[in-house]
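Working notes, beginning with the structure itself.
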Amino acid sequence: MAPDLIITLVILAVAIILFLSESLSVDLVALLVLVALGLTHVLSTQEVFSGLSDPAVITLLAIFVLAHGLEVTGIADKVGDWMVHLSGKSEVRLIGSLMITAAFLSLFMNNIAVASILLPSTATIARKSGVKLSRLLIPLAFGTLLGGSATLFTTTNIVVSGILKDQGYQGFGVLDFLPVGIPIIIVGISYMVLLGRHLLPKEKKDERDEVLRQAEEDIIATYQLVDRLFRVRIPAGSRLIQNRLVDSQLREVYGLNVIAIERNGGNILAPMPDFIILQDDILLVEGRLQEFREKDIEPFLEILPISDYQKQDFESQDIQIVEVVLSPRSQLIGSTLKEKNFREKYGMHVLAIWNGERVIRTGLSDLKLAFGDALLLQGPRDRLATLRLSSDLIVLTADEQKVKKITKKAPLAAGIFLLAVIVAATGIFSVGEVMLAGALLLVILNVITMEQVYRVVDWRIVFLVAGMLPLGLAMTKTGATAIFANALTGLLGPFGPHALLLGLLTLTVLLSQVIKGAAVSAVIAPIAIQVAVQIGVDPRALAMGVALATSMAFVTPLGHPVNILMLGPGGYTFRDFFKVGLPLTILLFLVVLLLLPVFWPYFPH
């Protein structure tokens with residue numbers, strides 16, 4: 001084998017290992033791939049950086065901006081709120097309408113943006129209807145993925161279309177995904193309504209009535225807060241007397257969080273850091289009692305009997321318990337609460353964190369936060385507005401979910417978006433050029449600002465695509481793609497193009513459960529095109545199959561960031577996604593196998 005081929009295969013293997021290990025962020029891995037291809041002279045300098053100017057990347061940038069125009073003007077929120085509220089309190093109707101809403105919005109917007117918009121209203125409706133949130137969030141996630149399969153405006157579909165163009169073939173148009181994508185949406189939603197909902201985490205007998213009657217206490221039970229609560233009294237001679245709470249070192253030395261302080265028959269909730277501790281104060285603290293017993297030296301604190309607590313015991317007219325989840329582009333991701341001065345910035349105390357696997361109630365200040373983490377907060381009600389305005393957090397529980405009002409520029413944003421889609425659908429101009437023109441028009445007409453543009457673009461996805469596209473080019477240039485295509489053709493070729501489509505779909509779906517779809521499509525699409533050339537079928541047909549398969553990330557939460565976003569709020573495990581997602585994946589697999597050759601013939605006339 002030629003040296004360039006060996007180098008490319010090594011870079012590909014290392015990239016896949018890093019993607020699977022998640023030791024580095026996917027965008028960083030993609031950029032390292034790009035640099036490695038340049039430094040080893042596998043690609044020229046122009047080829048190395050071609051991904052940054054690729055039409056696929058420009059289209060991605062424009063879609064982020066256009067979708068944000070629908071968000072800031074209130075259109076997306078209004079559509080989501082209106083459609084979901086039509087469902088009433090029936091679980092079947094809730095799941096159906098929620099998935100239809102998510103799929104519809106995902107036709108035009110980034111899947112993660114849609115999930116972020118619908119998540120708070122879904123939590124509110126779950127409380128009002130008495131349906132457990134865990135019965136709704138997997139359907140919400142799957143609805144966004146189903147909708148994304150039916151439009152060009154999904155990252156993986158844009159990448160595959162760009163690879164086709166780079167290899168001299170016609171890319172996909174705006175409407176090319178609909179013939180197979182719409183049946184996928186219909187079948188996927190029907191599955192969840194008829195069968196999939198029975199595989200979701202079960203409600204116990206009569207649990208719905210219990211939820212409706214005791215909805216306020218559910219969140220405390222979910223976070224198992226009472227298991228870590230105990231009461232302590234400040235005895236005479238304690239060194240804490242006349243000290244500020246922030247100077248007590250209760251958190252640093254003993255791992256205790258002070259939830260409330262009883263004084264003179266009153267109850268002071270969420271005491272501020274500068275609160276002065278007095279003799280005979282009784283502190284309600286959160287921590288490990290046994291560890292505290294081992295460290296405590298009398299007369300530091302006196303342990304008292306614990307009472308049964310419910311949510312109202314942690315709230316008052318001025319203090320509230322709220323649940324939030326980290327947003328996809330949150331600056332808190334990868335940092336600790338202490339590093340980001342969370343208490344000082346938001347004025348809220350973190351009681352517990354759900355990380356998708358377990359509830360964490362101690363050592364919270366030094367815990368590195370991850371995407372999808374859900375936080376249980378306690379603090380002043382007047383700080384709720386600050387939480388809602390934060391781009392780092394999505395508020396799940398509050399007095400009422402407030403939907404953004406439609407602004408005066410909403411018709412302008414909607415008009416520009418629709419015009420861009422219609423013009424792009426005609427095929428007269430490049431999709432990337434049309435979408436970028438629409439995005440710039442939003443800025444020129446002051447619907448959004450350039451500062452918002454820089455903030456709303458998910459640069460991690462942009463750099464992932466820009467870094468992986470040159471890898472696909474290197475694989476084709478060095479012959480690596482031909483090797484994989486030859487192997488696949490030799491194994492399945494004798495059984496015809498349908499068998500090869502089956503092999504490509506299987507490989508793509510398996511990789512898409514653990515690796516970001518954009519990376520999978522950048523590697524598999526060139527192989528699919530090469531296979532098509534070798535057996536004489538339409539490359540666009542097999543490339544379409546790969547694009548659709550990358551949207552089938554239902555089996556594990558790792559398959560798509562939308563799934564990860566639902567882990568914390570839904571209290572899901574990997575097993576929950578596997579139970580619901582595997583049958584759906586097999587079903588949609590069959591849909592693609594049956595319908596793709598009908599709408600995208602192997603041998604077009």
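Labels used: A, B, ... for chains in the order of the structure tokens, numbers from 1 for residues in each chain, and numbers from 1 for ligands as shown.
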Determine, counting only C-alpha atoms, which protein, DNA and RNA residues have an atom within 10 Å of an atom of region 139-145 of chain A; residues of the same chain fewer than 4 positions away are not included. Present the result as a VMD selection string. chain A and resid 94 to 107 109 to 115 118 to 119 122 134 to 135 149 to 150 154 185 188 to 189 192 to 193 196 to 197 200 550 to 554 557 560 to 566 580 to 581 584
Quick one: of A:Val35, A:Val431, A:Leu593, A:Val546, who's nearest to Gly171 (chain A), counting only C-alpha atoms? A:Val431
Could you give me, as a PDB file with all heavy atoms, in the first residue's frame, the residues within 12 Å of Ile277 (chain A), counting only C-alpha atoms and dropping anything in the same chain fewer than 3 positions from it?
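Saved result, out-v4.pdb, follows:
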```pdb
ATOM      1  N   ARG A 233     -28.161  21.326  65.481  1.00  0.00           N
ATOM      2  CA  ARG A 233     -28.350  22.538  66.293  1.00  0.00           C
ATOM      3  C   ARG A 233     -26.998  23.124  66.648  1.00  0.00           C
ATOM      4  O   ARG A 233     -26.008  22.406  66.802  1.00  0.00           O
ATOM      5  CB  ARG A 233     -29.119  22.196  67.561  1.00  0.00           C
ATOM      6  CG  ARG A 233     -29.542  23.432  68.387  1.00  0.00           C
ATOM      7  CD  ARG A 233     -30.335  23.012  69.617  1.00  0.00           C
ATOM      8  NE  ARG A 233     -29.484  22.307  70.566  1.00  0.00           N
ATOM      9  CZ  ARG A 233     -28.724  22.921  71.494  1.00  0.00           C
ATOM     10  NH1 ARG A 233     -28.724  24.236  71.586  1.00  0.00           N
ATOM     11  NH2 ARG A 233     -27.991  22.205  72.318  1.00  0.00           N
ATOM     12  N   ILE A 234     -26.955  24.455  66.701  1.00  0.00           N
ATOM     13  CA  ILE A 234     -25.725  25.149  67.087  1.00  0.00           C
ATOM     14  C   ILE A 234     -25.695  25.223  68.617  1.00  0.00           C
ATOM     15  O   ILE A 234     -26.415  26.036  69.221  1.00  0.00           O
ATOM     16  CB  ILE A 234     -25.662  26.570  66.491  1.00  0.00           C
ATOM     17  CG1 ILE A 234     -25.888  26.542  64.976  1.00  0.00           C
ATOM     18  CG2 ILE A 234     -24.336  27.241  66.839  1.00  0.00           C
ATOM     19  CD1 ILE A 234     -24.833  25.802  64.203  1.00  0.00           C
ATOM     20  N   PRO A 235     -24.891  24.399  69.289  1.00  0.00           N
ATOM     21  CA  PRO A 235     -24.876  24.405  70.757  1.00  0.00           C
ATOM     22  C   PRO A 235     -24.006  25.539  71.305  1.00  0.00           C
ATOM     23  O   PRO A 235     -23.258  26.186  70.565  1.00  0.00           O
ATOM     24  CB  PRO A 235     -24.266  23.040  71.088  1.00  0.00           C
ATOM     25  CG  PRO A 235     -23.335  22.778  69.938  1.00  0.00           C
ATOM     26  CD  PRO A 235     -23.988  23.377  68.728  1.00  0.00           C
ATOM     27  N   SER A 238     -20.048  26.519  70.311  1.00  0.00           N
ATOM     28  CA  SER A 238     -19.697  26.161  68.938  1.00  0.00           C
ATOM     29  C   SER A 238     -18.933  27.299  68.282  1.00  0.00           C
ATOM     30  O   SER A 238     -19.272  28.479  68.455  1.00  0.00           O
ATOM     31  CB  SER A 238     -20.955  25.849  68.134  1.00  0.00           C
ATOM     32  OG  SER A 238     -20.630  25.674  66.771  1.00  0.00           O
ATOM     33  N   ARG A 239     -17.921  26.966  67.532  1.00  0.00           N
ATOM     34  CA  ARG A 239     -17.119  27.998  66.866  1.00  0.00           C
ATOM     35  C   ARG A 239     -17.875  28.680  65.720  1.00  0.00           C
ATOM     36  O   ARG A 239     -17.401  29.673  65.173  1.00  0.00           O
ATOM     37  CB  ARG A 239     -15.824  27.400  66.318  1.00  0.00           C
ATOM     38  CG  ARG A 239     -16.005  26.411  65.169  1.00  0.00           C
ATOM     39  CD  ARG A 239     -14.659  26.028  64.580  1.00  0.00           C
ATOM     40  NE  ARG A 239     -14.764  25.095  63.483  1.00  0.00           N
ATOM     41  CZ  ARG A 239     -15.054  25.436  62.225  1.00  0.00           C
ATOM     42  NH1 ARG A 239     -15.304  26.709  61.938  1.00  0.00           N
ATOM     43  NH2 ARG A 239     -15.125  24.522  61.282  1.00  0.00           N
ATOM     44  N   LEU A 240     -19.044  28.148  65.376  1.00  0.00           N
ATOM     45  CA  LEU A 240     -19.820  28.745  64.293  1.00  0.00           C
ATOM     46  C   LEU A 240     -20.607  29.968  64.740  1.00  0.00           C
ATOM     47  O   LEU A 240     -21.048  30.760  63.900  1.00  0.00           O
ATOM     48  CB  LEU A 240     -20.803  27.715  63.712  1.00  0.00           C
ATOM     49  CG  LEU A 240     -20.193  26.509  62.993  1.00  0.00           C
ATOM     50  CD1 LEU A 240     -21.288  25.621  62.438  1.00  0.00           C
ATOM     51  CD2 LEU A 240     -19.274  26.962  61.870  1.00  0.00           C
ATOM     52  N   ILE A 241     -20.796  30.132  66.034  1.00  0.00           N
ATOM     53  CA  ILE A 241     -21.601  31.243  66.545  1.00  0.00           C
ATOM     54  C   ILE A 241     -20.992  32.585  66.131  1.00  0.00           C
ATOM     55  O   ILE A 241     -19.783  32.807  66.257  1.00  0.00           O
ATOM     56  CB  ILE A 241     -21.730  31.153  68.082  1.00  0.00           C
ATOM     57  CG1 ILE A 241     -22.475  29.869  68.474  1.00  0.00           C
ATOM     58  CG2 ILE A 241     -22.448  32.373  68.643  1.00  0.00           C
ATOM     59  CD1 ILE A 241     -22.505  29.611  69.967  1.00  0.00           C
ATOM     60  N   GLN A 242     -21.865  33.453  65.603  1.00  0.00           N
ATOM     61  CA  GLN A 242     -21.490  34.792  65.141  1.00  0.00           C
ATOM     62  C   GLN A 242     -20.614  34.776  63.882  1.00  0.00           C
ATOM     63  O   GLN A 242     -20.026  35.795  63.510  1.00  0.00           O
ATOM     64  CB  GLN A 242     -20.780  35.593  66.246  1.00  0.00           C
ATOM     65  CG  GLN A 242     -21.659  35.953  67.418  1.00  0.00           C
ATOM     66  CD  GLN A 242     -22.805  36.884  67.032  1.00  0.00           C
ATOM     67  OE1 GLN A 242     -22.709  37.664  66.092  1.00  0.00           O
ATOM     68  NE2 GLN A 242     -23.921  36.778  67.763  1.00  0.00           N
ATOM     69  N   ASN A 243     -20.562  33.633  63.206  1.00  0.00           N
ATOM     70  CA  ASN A 243     -19.825  33.538  61.941  1.00  0.00           C
ATOM     71  C   ASN A 243     -20.809  33.580  60.770  1.00  0.00           C
ATOM     72  O   ASN A 243     -21.966  33.147  60.888  1.00  0.00           O
ATOM     73  CB  ASN A 243     -19.033  32.231  61.869  1.00  0.00           C
ATOM     74  CG  ASN A 243     -17.675  32.350  62.528  1.00  0.00           C
ATOM     75  OD1 ASN A 243     -16.849  33.146  62.108  1.00  0.00           O
ATOM     76  ND2 ASN A 243     -17.460  31.575  63.578  1.00  0.00           N
ATOM     77  N   ARG A 244     -20.323  34.078  59.635  1.00  0.00           N
ATOM     78  CA  ARG A 244     -21.144  34.051  58.427  1.00  0.00           C
ATOM     79  C   ARG A 244     -21.206  32.627  57.886  1.00  0.00           C
ATOM     80  O   ARG A 244     -20.283  31.831  58.064  1.00  0.00           O
ATOM     81  CB  ARG A 244     -20.565  34.972  57.360  1.00  0.00           C
ATOM     82  CG  ARG A 244     -20.530  36.445  57.732  1.00  0.00           C
ATOM     83  CD  ARG A 244     -20.091  37.286  56.527  1.00  0.00           C
ATOM     84  NE  ARG A 244     -18.814  36.801  55.986  1.00  0.00           N
ATOM     85  CZ  ARG A 244     -18.352  37.126  54.782  1.00  0.00           C
ATOM     86  NH1 ARG A 244     -19.067  37.916  53.994  1.00  0.00           N
ATOM     87  NH2 ARG A 244     -17.181  36.674  54.374  1.00  0.00           N
ATOM     88  N   LEU A 245     -22.300  32.324  57.222  1.00  0.00           N
ATOM     89  CA  LEU A 245     -22.471  30.987  56.648  1.00  0.00           C
ATOM     90  C   LEU A 245     -21.346  30.665  55.667  1.00  0.00           C
ATOM     91  O   LEU A 245     -20.842  29.530  55.628  1.00  0.00           O
ATOM     92  CB  LEU A 245     -23.835  30.907  55.941  1.00  0.00           C
ATOM     93  CG  LEU A 245     -24.288  29.522  55.483  1.00  0.00           C
ATOM     94  CD1 LEU A 245     -24.395  28.569  56.663  1.00  0.00           C
ATOM     95  CD2 LEU A 245     -25.631  29.623  54.768  1.00  0.00           C
ATOM     96  N   VAL A 246     -20.920  31.645  54.885  1.00  0.00           N
ATOM     97  CA  VAL A 246     -19.877  31.419  53.890  1.00  0.00           C
ATOM     98  C   VAL A 246     -18.542  31.076  54.541  1.00  0.00           C
ATOM     99  O   VAL A 246     -17.679  30.432  53.938  1.00  0.00           O
ATOM    100  CB  VAL A 246     -19.737  32.663  52.965  1.00  0.00           C
ATOM    101  CG1 VAL A 246     -19.123  33.833  53.723  1.00  0.00           C
ATOM    102  CG2 VAL A 246     -18.915  32.324  51.727  1.00  0.00           C
ATOM    103  N   ASP A 247     -18.355  31.490  55.812  1.00  0.00           N
ATOM    104  CA  ASP A 247     -17.095  31.220  56.519  1.00  0.00           C
ATOM    105  C   ASP A 247     -17.161  29.956  57.368  1.00  0.00           C
ATOM    106  O   ASP A 247     -16.184  29.612  58.040  1.00  0.00           O
ATOM    107  CB  ASP A 247     -16.739  32.417  57.427  1.00  0.00           C
ATOM    108  CG  ASP A 247     -16.553  33.701  56.620  1.00  0.00           C
ATOM    109  OD1 ASP A 247     -16.034  33.614  55.483  1.00  0.00           O
ATOM    110  OD2 ASP A 247     -16.927  34.775  57.125  1.00  0.00           O
ATOM    111  N   SER A 248     -18.289  29.273  57.363  1.00  0.00           N
ATOM    112  CA  SER A 248     -18.475  28.126  58.258  1.00  0.00           C
ATOM    113  C   SER A 248     -17.697  26.889  57.834  1.00  0.00           C
ATOM    114  O   SER A 248     -17.467  25.993  58.641  1.00  0.00           O
ATOM    115  CB  SER A 248     -19.965  27.764  58.322  1.00  0.00           C
ATOM    116  OG  SER A 248     -20.403  27.263  57.058  1.00  0.00           O
ATOM    117  N   VAL A 258     -26.444  23.849  53.292  1.00  0.00           N
ATOM    118  CA  VAL A 258     -27.480  24.339  54.198  1.00  0.00           C
ATOM    119  C   VAL A 258     -28.717  24.714  53.388  1.00  0.00           C
ATOM    120  O   VAL A 258     -28.682  25.615  52.555  1.00  0.00           O
ATOM    121  CB  VAL A 258     -26.992  25.556  55.015  1.00  0.00           C
ATOM    122  CG1 VAL A 258     -28.101  26.053  55.929  1.00  0.00           C
ATOM    123  CG2 VAL A 258     -25.755  25.191  55.823  1.00  0.00           C
ATOM    124  N   ALA A 260     -31.999  25.201  54.916  1.00  0.00           N
ATOM    125  CA  ALA A 260     -32.859  26.118  55.671  1.00  0.00           C
ATOM    126  C   ALA A 260     -32.326  26.253  57.099  1.00  0.00           C
ATOM    127  O   ALA A 260     -31.557  25.406  57.570  1.00  0.00           O
ATOM    128  CB  ALA A 260     -34.302  25.618  55.693  1.00  0.00           C
ATOM    129  N   ILE A 261     -32.736  27.317  57.777  1.00  0.00           N
ATOM    130  CA  ILE A 261     -32.340  27.561  59.164  1.00  0.00           C
ATOM    131  C   ILE A 261     -33.579  27.899  59.980  1.00  0.00           C
ATOM    132  O   ILE A 261     -34.356  28.793  59.614  1.00  0.00           O
ATOM    133  CB  ILE A 261     -31.304  28.698  59.266  1.00  0.00           C
ATOM    134  CG1 ILE A 261     -30.011  28.307  58.525  1.00  0.00           C
ATOM    135  CG2 ILE A 261     -31.009  29.034  60.722  1.00  0.00           C
ATOM    136  CD1 ILE A 261     -28.954  29.387  58.523  1.00  0.00           C
ATOM    137  N   GLU A 262     -33.783  27.165  61.076  1.00  0.00           N
ATOM    138  CA  GLU A 262     -34.900  27.429  61.983  1.00  0.00           C
ATOM    139  C   GLU A 262     -34.392  28.348  63.099  1.00  0.00           C
ATOM    140  O   GLU A 262     -33.392  28.053  63.756  1.00  0.00           O
ATOM    141  CB  GLU A 262     -35.426  26.126  62.584  1.00  0.00           C
ATOM    142  CG  GLU A 262     -35.923  25.122  61.550  1.00  0.00           C
ATOM    143  CD  GLU A 262     -36.271  23.788  62.180  1.00  0.00           C
ATOM    144  OE1 GLU A 262     -36.733  23.777  63.337  1.00  0.00           O
ATOM    145  OE2 GLU A 262     -36.060  22.747  61.516  1.00  0.00           O
ATOM    146  N   ARG A 263     -35.125  29.452  63.316  1.00  0.00           N
ATOM    147  CA  ARG A 263     -34.728  30.408  64.368  1.00  0.00           C
ATOM    148  C   ARG A 263     -35.987  31.031  64.967  1.00  0.00           C
ATOM    149  O   ARG A 263     -36.814  31.581  64.236  1.00  0.00           O
ATOM    150  CB  ARG A 263     -33.811  31.490  63.797  1.00  0.00           C
ATOM    151  CG  ARG A 263     -33.445  32.573  64.809  1.00  0.00           C
ATOM    152  CD  ARG A 263     -32.575  33.660  64.198  1.00  0.00           C
ATOM    153  NE  ARG A 263     -31.242  33.166  63.869  1.00  0.00           N
ATOM    154  CZ  ARG A 263     -30.308  33.904  63.267  1.00  0.00           C
ATOM    155  NH1 ARG A 263     -30.580  35.157  62.919  1.00  0.00           N
ATOM    156  NH2 ARG A 263     -29.113  33.390  63.017  1.00  0.00           N
ATOM    157  N   ILE A 268     -36.031  30.011  57.818  1.00  0.00           N
ATOM    158  CA  ILE A 268     -35.350  30.837  56.822  1.00  0.00           C
ATOM    159  C   ILE A 268     -34.841  29.906  55.724  1.00  0.00           C
ATOM    160  O   ILE A 268     -33.920  29.117  55.937  1.00  0.00           O
ATOM    161  CB  ILE A 268     -34.179  31.612  57.458  1.00  0.00           C
ATOM    162  CG1 ILE A 268     -34.693  32.472  58.613  1.00  0.00           C
ATOM    163  CG2 ILE A 268     -33.480  32.462  56.400  1.00  0.00           C
ATOM    164  CD1 ILE A 268     -33.591  33.021  59.493  1.00  0.00           C
ATOM    165  N   PRO A 271     -30.741  30.352  52.871  1.00  0.00           N
ATOM    166  CA  PRO A 271     -30.019  31.479  53.486  1.00  0.00           C
ATOM    167  C   PRO A 271     -28.855  31.929  52.620  1.00  0.00           C
ATOM    168  O   PRO A 271     -28.180  31.117  51.983  1.00  0.00           O
ATOM    169  CB  PRO A 271     -29.534  30.897  54.821  1.00  0.00           C
ATOM    170  CG  PRO A 271     -29.506  29.417  54.601  1.00  0.00           C
ATOM    171  CD  PRO A 271     -30.630  29.121  53.680  1.00  0.00           C
ATOM    172  N   MET A 272     -28.624  33.221  52.597  1.00  0.00           N
ATOM    173  CA  MET A 272     -27.564  33.794  51.780  1.00  0.00           C
ATOM    174  C   MET A 272     -26.197  33.534  52.420  1.00  0.00           C
ATOM    175  O   MET A 272     -26.102  33.286  53.627  1.00  0.00           O
ATOM    176  CB  MET A 272     -27.785  35.293  51.600  1.00  0.00           C
ATOM    177  CG  MET A 272     -29.099  35.636  50.898  1.00  0.00           C
ATOM    178  SD  MET A 272     -29.236  34.854  49.272  1.00  0.00           S
ATOM    179  CE  MET A 272     -27.963  35.765  48.373  1.00  0.00           C
ATOM    180  N   PRO A 273     -25.124  33.615  51.647  1.00  0.00           N
ATOM    181  CA  PRO A 273     -23.781  33.329  52.173  1.00  0.00           C
ATOM    182  C   PRO A 273     -23.370  34.210  53.349  1.00  0.00           C
ATOM    183  O   PRO A 273     -22.587  33.787  54.196  1.00  0.00           O
ATOM    184  CB  PRO A 273     -22.872  33.582  50.957  1.00  0.00           C
ATOM    185  CG  PRO A 273     -23.747  33.326  49.776  1.00  0.00           C
ATOM    186  CD  PRO A 273     -25.107  33.811  50.186  1.00  0.00           C
ATOM    187  N   ASP A 274     -23.894  35.436  53.414  1.00  0.00           N
ATOM    188  CA  ASP A 274     -23.487  36.341  54.497  1.00  0.00           C
ATOM    189  C   ASP A 274     -24.397  36.239  55.726  1.00  0.00           C
ATOM    190  O   ASP A 274     -24.325  37.067  56.637  1.00  0.00           O
ATOM    191  CB  ASP A 274     -23.437  37.785  53.998  1.00  0.00           C
ATOM    192  CG  ASP A 274     -24.776  38.271  53.456  1.00  0.00           C
ATOM    193  OD1 ASP A 274     -25.727  37.449  53.383  1.00  0.00           O
ATOM    194  OD2 ASP A 274     -24.876  39.455  53.082  1.00  0.00           O
ATOM    195  N   ASP A 280     -28.200  28.170  69.118  1.00  0.00           N
ATOM    196  CA  ASP A 280     -29.514  27.518  69.107  1.00  0.00           C
ATOM    197  C   ASP A 280     -30.209  27.560  67.750  1.00  0.00           C
ATOM    198  O   ASP A 280     -31.345  27.098  67.621  1.00  0.00           O
ATOM    199  CB  ASP A 280     -30.449  28.106  70.173  1.00  0.00           C
ATOM    200  CG  ASP A 280     -29.957  27.796  71.578  1.00  0.00           C
ATOM    201  OD1 ASP A 280     -29.393  26.701  71.774  1.00  0.00           O
ATOM    202  OD2 ASP A 280     -30.123  28.646  72.462  1.00  0.00           O
ATOM    203  N   ASP A 281     -29.544  28.100  66.730  1.00  0.00           N
ATOM    204  CA  ASP A 281     -30.078  27.958  65.376  1.00  0.00           C
ATOM    205  C   ASP A 281     -30.109  26.468  65.023  1.00  0.00           C
ATOM    206  O   ASP A 281     -29.190  25.714  65.382  1.00  0.00           O
ATOM    207  CB  ASP A 281     -29.201  28.683  64.352  1.00  0.00           C
ATOM    208  CG  ASP A 281     -29.458  30.181  64.322  1.00  0.00           C
ATOM    209  OD1 ASP A 281     -30.455  30.621  64.919  1.00  0.00           O
ATOM    210  OD2 ASP A 281     -28.663  30.907  63.684  1.00  0.00           O
ATOM    211  N   ILE A 282     -31.139  26.052  64.319  1.00  0.00           N
ATOM    212  CA  ILE A 282     -31.232  24.671  63.842  1.00  0.00           C
ATOM    213  C   ILE A 282     -31.099  24.681  62.324  1.00  0.00           C
ATOM    214  O   ILE A 282     -31.879  25.344  61.627  1.00  0.00           O
ATOM    215  CB  ILE A 282     -32.555  24.011  64.264  1.00  0.00           C
ATOM    216  CG1 ILE A 282     -32.633  23.932  65.798  1.00  0.00           C
ATOM    217  CG2 ILE A 282     -32.692  22.623  63.647  1.00  0.00           C
ATOM    218  CD1 ILE A 282     -33.957  23.388  66.302  1.00  0.00           C
ATOM    219  N   LEU A 283     -30.102  23.971  61.826  1.00  0.00           N
ATOM    220  CA  LEU A 283     -29.808  23.961  60.398  1.00  0.00           C
ATOM    221  C   LEU A 283     -30.340  22.686  59.754  1.00  0.00           C
ATOM    222  O   LEU A 283     -30.084  21.586  60.259  1.00  0.00           O
ATOM    223  CB  LEU A 283     -28.297  24.056  60.147  1.00  0.00           C
ATOM    224  CG  LEU A 283     -27.615  25.434  60.253  1.00  0.00           C
ATOM    225  CD1 LEU A 283     -27.832  26.078  61.609  1.00  0.00           C
ATOM    226  CD2 LEU A 283     -26.127  25.296  59.941  1.00  0.00           C
ATOM    227  N   LEU A 301     -21.507  20.867  66.320  1.00  0.00           N
ATOM    228  CA  LEU A 301     -22.924  20.787  65.976  1.00  0.00           C
ATOM    229  C   LEU A 301     -23.561  19.635  66.735  1.00  0.00           C
ATOM    230  O   LEU A 301     -22.905  18.628  67.029  1.00  0.00           O
ATOM    231  CB  LEU A 301     -23.115  20.566  64.468  1.00  0.00           C
ATOM    232  CG  LEU A 301     -22.763  21.730  63.527  1.00  0.00           C
ATOM    233  CD1 LEU A 301     -22.793  21.258  62.087  1.00  0.00           C
ATOM    234  CD2 LEU A 301     -23.714  22.897  63.719  1.00  0.00           C
TER     235      LEU A 301
END
```
Close residues, Leu377 (chain A) itself excluded, 7 Å, only C-alpha atoms, min 6 positions apart in chain, as a count of residues only: 7
Shell around Leu375 (chain A) at 7 Å using only C-alpha atoms, local window under 6 positions removed, as a PyMOL selection string: chain A and resi 323-325+350+352-354
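When only C-alpha atoms are used to measure the gap to Gly130 (chain A), the shortest distance among A:Asp166, A:Leu412, A:Glu91, A:Ile428 belongs to A:Glu91.
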Test item, helix (DSSP H, G or I) assignment across region 329-420 of chain A, answer as a PyMOL selection string: chain A and resi 342-346+364-366+381-389+410-420
Need the shell around region 479-487 of chain A: protein/DNA/RNA residues with any atom at most 12 Å away, counting only C-alpha atoms. Skip same-chain ones fewer than 3 positions apart. Format as a ChimeraX atom specification? /A:1-13,42,471-476,490-493,500,503-504,507,522-535
